[in-house]
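Structure file query39.pdb (PDB, C-alpha atoms and all ligand atoms) follows.
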MODEL        1
ATOM      1  CA  MET A   1     148.327 -42.805  17.716
ATOM      2  CA  THR A   2     148.825 -44.979  20.747
ATOM      3  CA  VAL A   3     146.606 -47.382  22.619
ATOM      4  CA  LEU A   4     147.113 -46.364  26.249
ATOM      5  CA  PRO A   5     146.905 -48.701  29.253
ATOM      6  CA  ILE A   6     143.562 -48.428  31.072
ATOM      7  CA  THR A   7     143.845 -48.249  34.833
ATOM      8  CA  THR A   8     141.534 -50.079  37.221
ATOM      9  CA  VAL A   9     139.543 -49.510  40.390
ATOM     10  CA  GLY A  10     141.861 -48.933  43.329
ATOM     11  CA  ASP A  11     144.041 -46.467  41.402
ATOM     12  CA  PRO A  12     143.517 -43.099  43.188
ATOM     13  CA  VAL A  13     143.445 -41.279  39.822
ATOM     14  CA  LEU A  14     139.952 -42.713  39.296
ATOM     15  CA  ARG A  15     138.822 -40.967  42.499
ATOM     16  CA  ARG A  16     140.065 -37.490  41.648
ATOM     17  CA  ARG A  17     138.206 -34.708  39.868
ATOM     18  CA  ALA A  18     139.751 -33.945  36.481
ATOM     19  CA  ARG A  19     140.594 -30.274  35.966
ATOM     20  CA  GLU A  20     139.263 -27.950  33.276
ATOM     21  CA  VAL A  21     141.285 -27.590  30.076
ATOM     22  CA  SER A  22     141.943 -24.027  28.892
ATOM     23  CA  GLU A  23     141.188 -23.083  25.283
ATOM     24  CA  ASP A  24     144.908 -22.479  24.614
ATOM     25  CA  GLU A  25     145.815 -25.833  26.064
ATOM     26  CA  LEU A  26     143.111 -27.501  23.972
ATOM     27  CA  ALA A  27     144.659 -26.111  20.789
ATOM     28  CA  SER A  28     148.081 -27.575  21.680
ATOM     29  CA  SER A  29     149.450 -30.545  19.764
ATOM     30  CA  ASP A  30     149.902 -32.343  23.070
ATOM     31  CA  VAL A  31     146.185 -32.256  23.925
ATOM     32  CA  GLN A  32     145.135 -32.965  20.332
ATOM     33  CA  ALA A  33     147.386 -36.047  20.261
ATOM     34  CA  PHE A  34     146.011 -37.131  23.639
ATOM     35  CA  ILE A  35     142.442 -36.928  22.279
ATOM     36  CA  ASP A  36     143.439 -39.169  19.351
ATOM     37  CA  ASP A  37     144.991 -41.654  21.782
ATOM     38  CA  LEU A  38     141.861 -41.645  23.951
ATOM     39  CA  VAL A  39     139.680 -42.428  20.912
ATOM     40  CA  GLN A  40     142.077 -45.148  19.774
ATOM     41  CA  THR A  41     142.168 -46.684  23.256
ATOM     42  CA  LYS A  42     138.359 -46.661  23.557
ATOM     43  CA  ARG A  43     138.026 -48.377  20.180
ATOM     44  CA  ALA A  44     140.675 -50.996  20.963
ATOM     45  CA  ALA A  45     138.820 -51.895  24.182
ATOM     46  CA  ASN A  46     135.328 -51.861  22.561
ATOM     47  CA  GLY A  47     134.192 -49.294  25.107
ATOM     48  CA  ALA A  48     131.153 -47.027  24.756
ATOM     49  CA  GLY A  49     133.178 -44.187  26.183
ATOM     50  CA  LEU A  50     136.442 -43.399  27.937
ATOM     51  CA  ALA A  51     137.487 -40.610  30.291
ATOM     52  CA  ALA A  52     140.995 -39.220  30.790
ATOM     53  CA  ASN A  53     141.181 -40.465  34.404
ATOM     54  CA  GLN A  54     140.976 -44.020  33.088
ATOM     55  CA  VAL A  55     144.334 -43.618  31.338
ATOM     56  CA  GLY A  56     145.871 -41.844  34.344
ATOM     57  CA  ASP A  57     145.373 -38.270  33.112
ATOM     58  CA  LEU A  58     143.495 -35.546  34.999
ATOM     59  CA  ARG A  59     142.547 -33.240  32.161
ATOM     60  CA  ARG A  60     138.777 -32.895  31.817
ATOM     61  CA  ILE A  61     138.443 -34.807  28.547
ATOM     62  CA  ALA A  62     136.213 -37.760  27.656
ATOM     63  CA  VAL A  63     135.020 -39.460  24.505
ATOM     64  CA  VAL A  64     131.751 -41.243  23.759
ATOM     65  CA  GLU A  65     131.143 -43.449  20.746
ATOM     66  CA  VAL A  66     129.036 -46.548  20.212
ATOM     67  CA  GLU A  67     129.879 -48.175  16.926
ATOM     68  CA  PRO A  68     127.149 -50.317  15.310
ATOM     69  CA  GLY A  69     127.541 -53.918  16.493
ATOM     70  CA  ASN A  70     129.695 -53.016  19.513
ATOM     71  CA  PRO A  71     130.406 -56.490  20.973
ATOM     72  CA  ARG A  72     130.672 -55.276  24.570
ATOM     73  CA  TYR A  73     127.351 -53.397  24.581
ATOM     74  CA  PRO A  74     125.284 -54.837  21.696
ATOM     75  CA  TYR A  75     122.045 -53.381  23.104
ATOM     76  CA  LYS A  76     123.251 -49.767  23.054
ATOM     77  CA  PRO A  77     122.043 -47.686  20.111
ATOM     78  CA  PRO A  78     124.911 -46.459  17.919
ATOM     79  CA  PHE A  79     126.201 -43.012  18.851
ATOM     80  CA  PRO A  80     128.658 -41.002  16.759
ATOM     81  CA  LEU A  81     132.099 -40.126  18.090
ATOM     82  CA  THR A  82     131.772 -37.167  20.443
ATOM     83  CA  VAL A  83     134.794 -35.564  22.090
ATOM     84  CA  LEU A  84     133.881 -33.794  25.318
ATOM     85  CA  ILE A  85     136.121 -31.104  26.788
ATOM     86  CA  ASN A  86     135.010 -29.643  30.149
ATOM     87  CA  PRO A  87     131.545 -31.248  29.901
ATOM     88  CA  GLU A  88     128.713 -30.226  32.208
ATOM     89  CA  LEU A  89     125.509 -32.201  32.592
ATOM     90  CA  GLU A  90     122.062 -30.952  33.447
ATOM     91  CA  PRO A  91     119.156 -33.405  33.877
ATOM     92  CA  LEU A  92     116.109 -32.287  31.874
ATOM     93  CA  SER A  93     113.717 -33.763  34.440
ATOM     94  CA  ASP A  94     113.716 -35.965  37.541
ATOM     95  CA  GLU A  95     112.782 -38.972  35.440
ATOM     96  CA  THR A  96     115.181 -41.923  35.723
ATOM     97  CA  PHE A  97     115.490 -45.488  34.464
ATOM     98  CA  GLU A  98     117.300 -48.500  35.834
ATOM     99  CA  VAL A  99     120.203 -49.808  33.803
ATOM    100  CA  ASN A 100     122.902 -52.434  34.172
ATOM    101  CA  GLU A 101     126.389 -51.013  33.609
ATOM    102  CA  GLY A 102     129.965 -52.153  33.306
ATOM    103  CA  CYS A 103     133.202 -50.174  33.075
ATOM    104  CA  LEU A 104     136.590 -50.765  31.468
ATOM    105  CA  SER A 105     138.183 -49.726  34.770
ATOM    106  CA  VAL A 106     136.153 -52.252  36.776
ATOM    107  CA  PRO A 107     137.132 -55.554  35.183
ATOM    108  CA  ASP A 108     134.553 -58.305  35.064
ATOM    109  CA  LEU A 109     131.835 -56.672  37.135
ATOM    110  CA  ARG A 110     128.447 -55.222  36.285
ATOM    111  CA  GLY A 111     125.653 -53.819  38.434
ATOM    112  CA  ALA A 112     122.271 -52.093  38.296
ATOM    113  CA  LEU A 113     121.790 -48.376  38.977
ATOM    114  CA  SER A 114     119.615 -45.413  38.064
ATOM    115  CA  ARG A 115     120.402 -42.790  35.442
ATOM    116  CA  TYR A 116     118.548 -39.661  34.376
ATOM    117  CA  ALA A 117     116.408 -40.336  31.313
ATOM    118  CA  ALA A 118     117.421 -37.135  29.510
ATOM    119  CA  VAL A 119     120.306 -34.736  30.041
ATOM    120  CA  ARG A 120     121.665 -31.616  28.387
ATOM    121  CA  VAL A 121     125.440 -31.738  27.910
ATOM    122  CA  ARG A 122     127.417 -28.527  27.427
ATOM    123  CA  PHE A 123     131.048 -28.869  26.381
ATOM    124  CA  LEU A 124     133.790 -27.671  24.068
ATOM    125  CA  ASP A 125     134.479 -29.840  21.051
ATOM    126  CA  ARG A 126     138.075 -30.628  20.131
ATOM    127  CA  ASP A 127     138.262 -27.440  18.037
ATOM    128  CA  GLY A 128     137.255 -25.347  21.042
ATOM    129  CA  GLU A 129     133.732 -24.664  19.759
ATOM    130  CA  ARG A 130     131.000 -24.421  22.391
ATOM    131  CA  SER A 131     128.590 -27.281  21.846
ATOM    132  CA  GLU A 132     125.396 -28.539  23.375
ATOM    133  CA  LEU A 133     123.612 -31.856  23.021
ATOM    134  CA  VAL A 134     120.438 -33.291  24.486
ATOM    135  CA  VAL A 135     120.818 -37.034  24.958
ATOM    136  CA  ARG A 136     118.234 -39.543  26.094
ATOM    137  CA  GLY A 137     117.864 -43.107  27.300
ATOM    138  CA  LEU A 138     120.862 -45.442  27.146
ATOM    139  CA  SER A 139     122.959 -42.762  25.429
ATOM    140  CA  ALA A 140     122.154 -40.363  28.285
ATOM    141  CA  GLY A 141     123.370 -43.090  30.650
ATOM    142  CA  THR A 142     126.674 -43.374  28.787
ATOM    143  CA  PHE A 143     127.271 -39.619  29.014
ATOM    144  CA  GLN A 144     126.475 -39.641  32.748
ATOM    145  CA  HIS A 145     128.899 -42.541  33.245
ATOM    146  CA  GLU A 146     131.747 -40.693  31.488
ATOM    147  CA  VAL A 147     131.172 -37.362  33.221
ATOM    148  CA  ASP A 148     131.057 -39.251  36.528
ATOM    149  CA  HIS A 149     134.585 -40.507  35.763
ATOM    150  CA  LEU A 150     135.776 -36.909  35.367
ATOM    151  CA  ASP A 151     134.313 -36.213  38.825
ATOM    152  CA  GLY A 152     136.056 -39.233  40.379
ATOM    153  CA  VAL A 153     132.844 -41.272  40.565
ATOM    154  CA  LEU A 154     132.523 -44.918  39.472
ATOM    155  CA  PHE A 155     129.304 -46.775  38.628
ATOM    156  CA  LEU A 156     130.016 -48.914  41.704
ATOM    157  CA  ASP A 157     129.161 -45.900  43.880
ATOM    158  CA  ARG A 158     125.701 -45.637  42.348
ATOM    159  CA  VAL A 159     124.668 -49.288  42.649
ATOM    160  CA  THR A 160     121.949 -49.204  45.300
ATOM    161  CA  ASP A 161     121.488 -52.969  45.638
ATOM    162  CA  PRO A 162     124.800 -54.850  45.924
ATOM    163  CA  ALA A 163     122.909 -58.067  45.152
ATOM    164  CA  THR A 164     122.865 -56.925  41.509
ATOM    165  CA  PHE A 165     126.661 -57.184  41.185
ATOM    166  CA  THR A 166     127.576 -59.868  38.681
ATOM    167  CA  THR A 167     130.569 -60.992  36.677
ATOM    168  CA  TRP A 168     130.169 -60.765  32.909
ATOM    169  CA  GLU A 169     130.015 -64.564  32.685
ATOM    170  CA  GLN A 170     127.151 -64.795  35.191
ATOM    171  CA  PHE A 171     125.443 -61.801  33.553
ATOM    172  CA  ASP A 172     125.441 -63.768  30.288
ATOM    173  CA  ARG A 173     124.005 -66.809  32.074
ATOM    174  CA  PHE A 174     121.429 -65.209  34.350
ATOM    175  CA  GLY A 175     120.892 -61.550  33.529
ATOM    176  CA  ARG A 176     121.490 -60.679  29.903
ATOM    177  CA  GLU A 177     118.203 -61.849  28.394
ATOM    178  CA  GLU A 178     116.048 -59.973  30.887
ATOM    179  CA  PHE A 179     118.243 -56.887  30.744
ATOM    180  CA  GLU A 180     118.277 -56.743  26.953
ATOM    181  CA  ALA A 181     114.456 -56.801  26.966
ATOM    182  CA  GLN A 182     114.581 -53.959  29.502
ATOM    183  CA  ALA A 183     117.113 -52.112  27.321
ATOM    184  CA  ARG A 184     114.775 -52.355  24.300
ATOM    185  CA  GLN A 185     111.999 -50.814  26.435
ATOM    186  CA  ILE A 186     114.309 -47.973  27.462
ATOM    187  CA  VAL A 187     115.119 -47.281  23.804
ATOM    188  CA  GLU A 188     111.416 -47.406  22.858
ATOM    189  CA  ARG A 189     110.414 -45.161  25.714
ATOM    190  CA  PHE A 190     113.156 -42.542  25.677
ATOM    191  CA  GLY A 191     114.782 -42.857  22.269
ATOM    192  CA  ALA A 192     118.524 -42.782  21.921
TER     193      ALA A 192
HETATM  194 NI    NI B   1     133.705 -46.421  32.973
ENDMDL
END

Output the file's structure in the form of structure tokens.
Ligand code: NI
Amino acid sequence: MTVLPITTVGDPVLRRRAREVSEDELASSDVQAFIDDLVQTKRAANGAGLAANQVGDLRRIAVVEVEPGNPRYPYKPPFPLTVLINPELEPLSDETFEVNEGCLSVPDLRGALSRYAAVRVRFLDRDGERSELVVRGLSAGTFQHEVDHLDGVLFLDRVTDPATFTTWEQFDRFGREEFEAQARQIVERFGA
């Protein structure tokens, strides 16, 4: 397994829509090895998720996993490793919450945006089995963030008030306490 370099905002690959992976392709050793690398890279960077575009690849593959005690996102509820091939998202209602996000491809910047409170995700797992999950709250936000990547969308595009942009250092100084209280309310209200 290899830890791949993560590309950053400005690289056109982050603005392109990743293409569907066929079932035959998914079974190939090439794609299976790529999935392992994506997981390894996400873990090495302490991410909550990682999409193929972020390592310069345009196959429609993303991974989500929040390990307990994740140092980058300590307020996110743990979420088991989920490999998403050709994921599609459907909001379960119009309900949204405001959340502060960061991204491994947008170094040292965070901002506030809205995410759907609950979404259904349909995808193939790495064995090619059709799968479906309903995810809520902060976990729903993570899935929306990763599927956005596969559509060439960054969280930056969804920040409605540019005054909420902050470096991680200033977030720690001025924003973290209030946001973590807000994050606990999101978990209480919507679950994880
Ligand atoms: Ni991201």

Original post:
Any chance you could work out the residue set of the PyMOL selection byres (((chain A and resi 180) around 10) and not hetatm) here, as number ranges by chain?
Top reply: A: 73-76, 99-100, 175-179, 181-186

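Interatomic distance, atom CA of Gln54 of chain A to atom CA of Glu25 of chain A: 20.1 Å.
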
Subject >> Within-12 Å residues of ligand NI 1 (chain B), basis all atoms listed in the file, as a ChimeraX atom specification >> reply: /A:6-9,14,42,45-55,62-64,101-107,109-110,141-157

Original post:
Using all atoms listed in the file, which residues sit within 6 Å of segment 88-95 of chain A once same-chain residues fewer than 6 positions away are excluded, as a PyMOL selection string?
Top reply: chain A and resi 116-122

Original post:
Is there a way to get, as a PyMOL selection string, all residues within 10 Å of the point (143.2, -41.2, 23.1) in file coordinates, counting all atoms listed in the file?
Top reply: chain A and resi 1-4+31-43+50-52+55+61-63
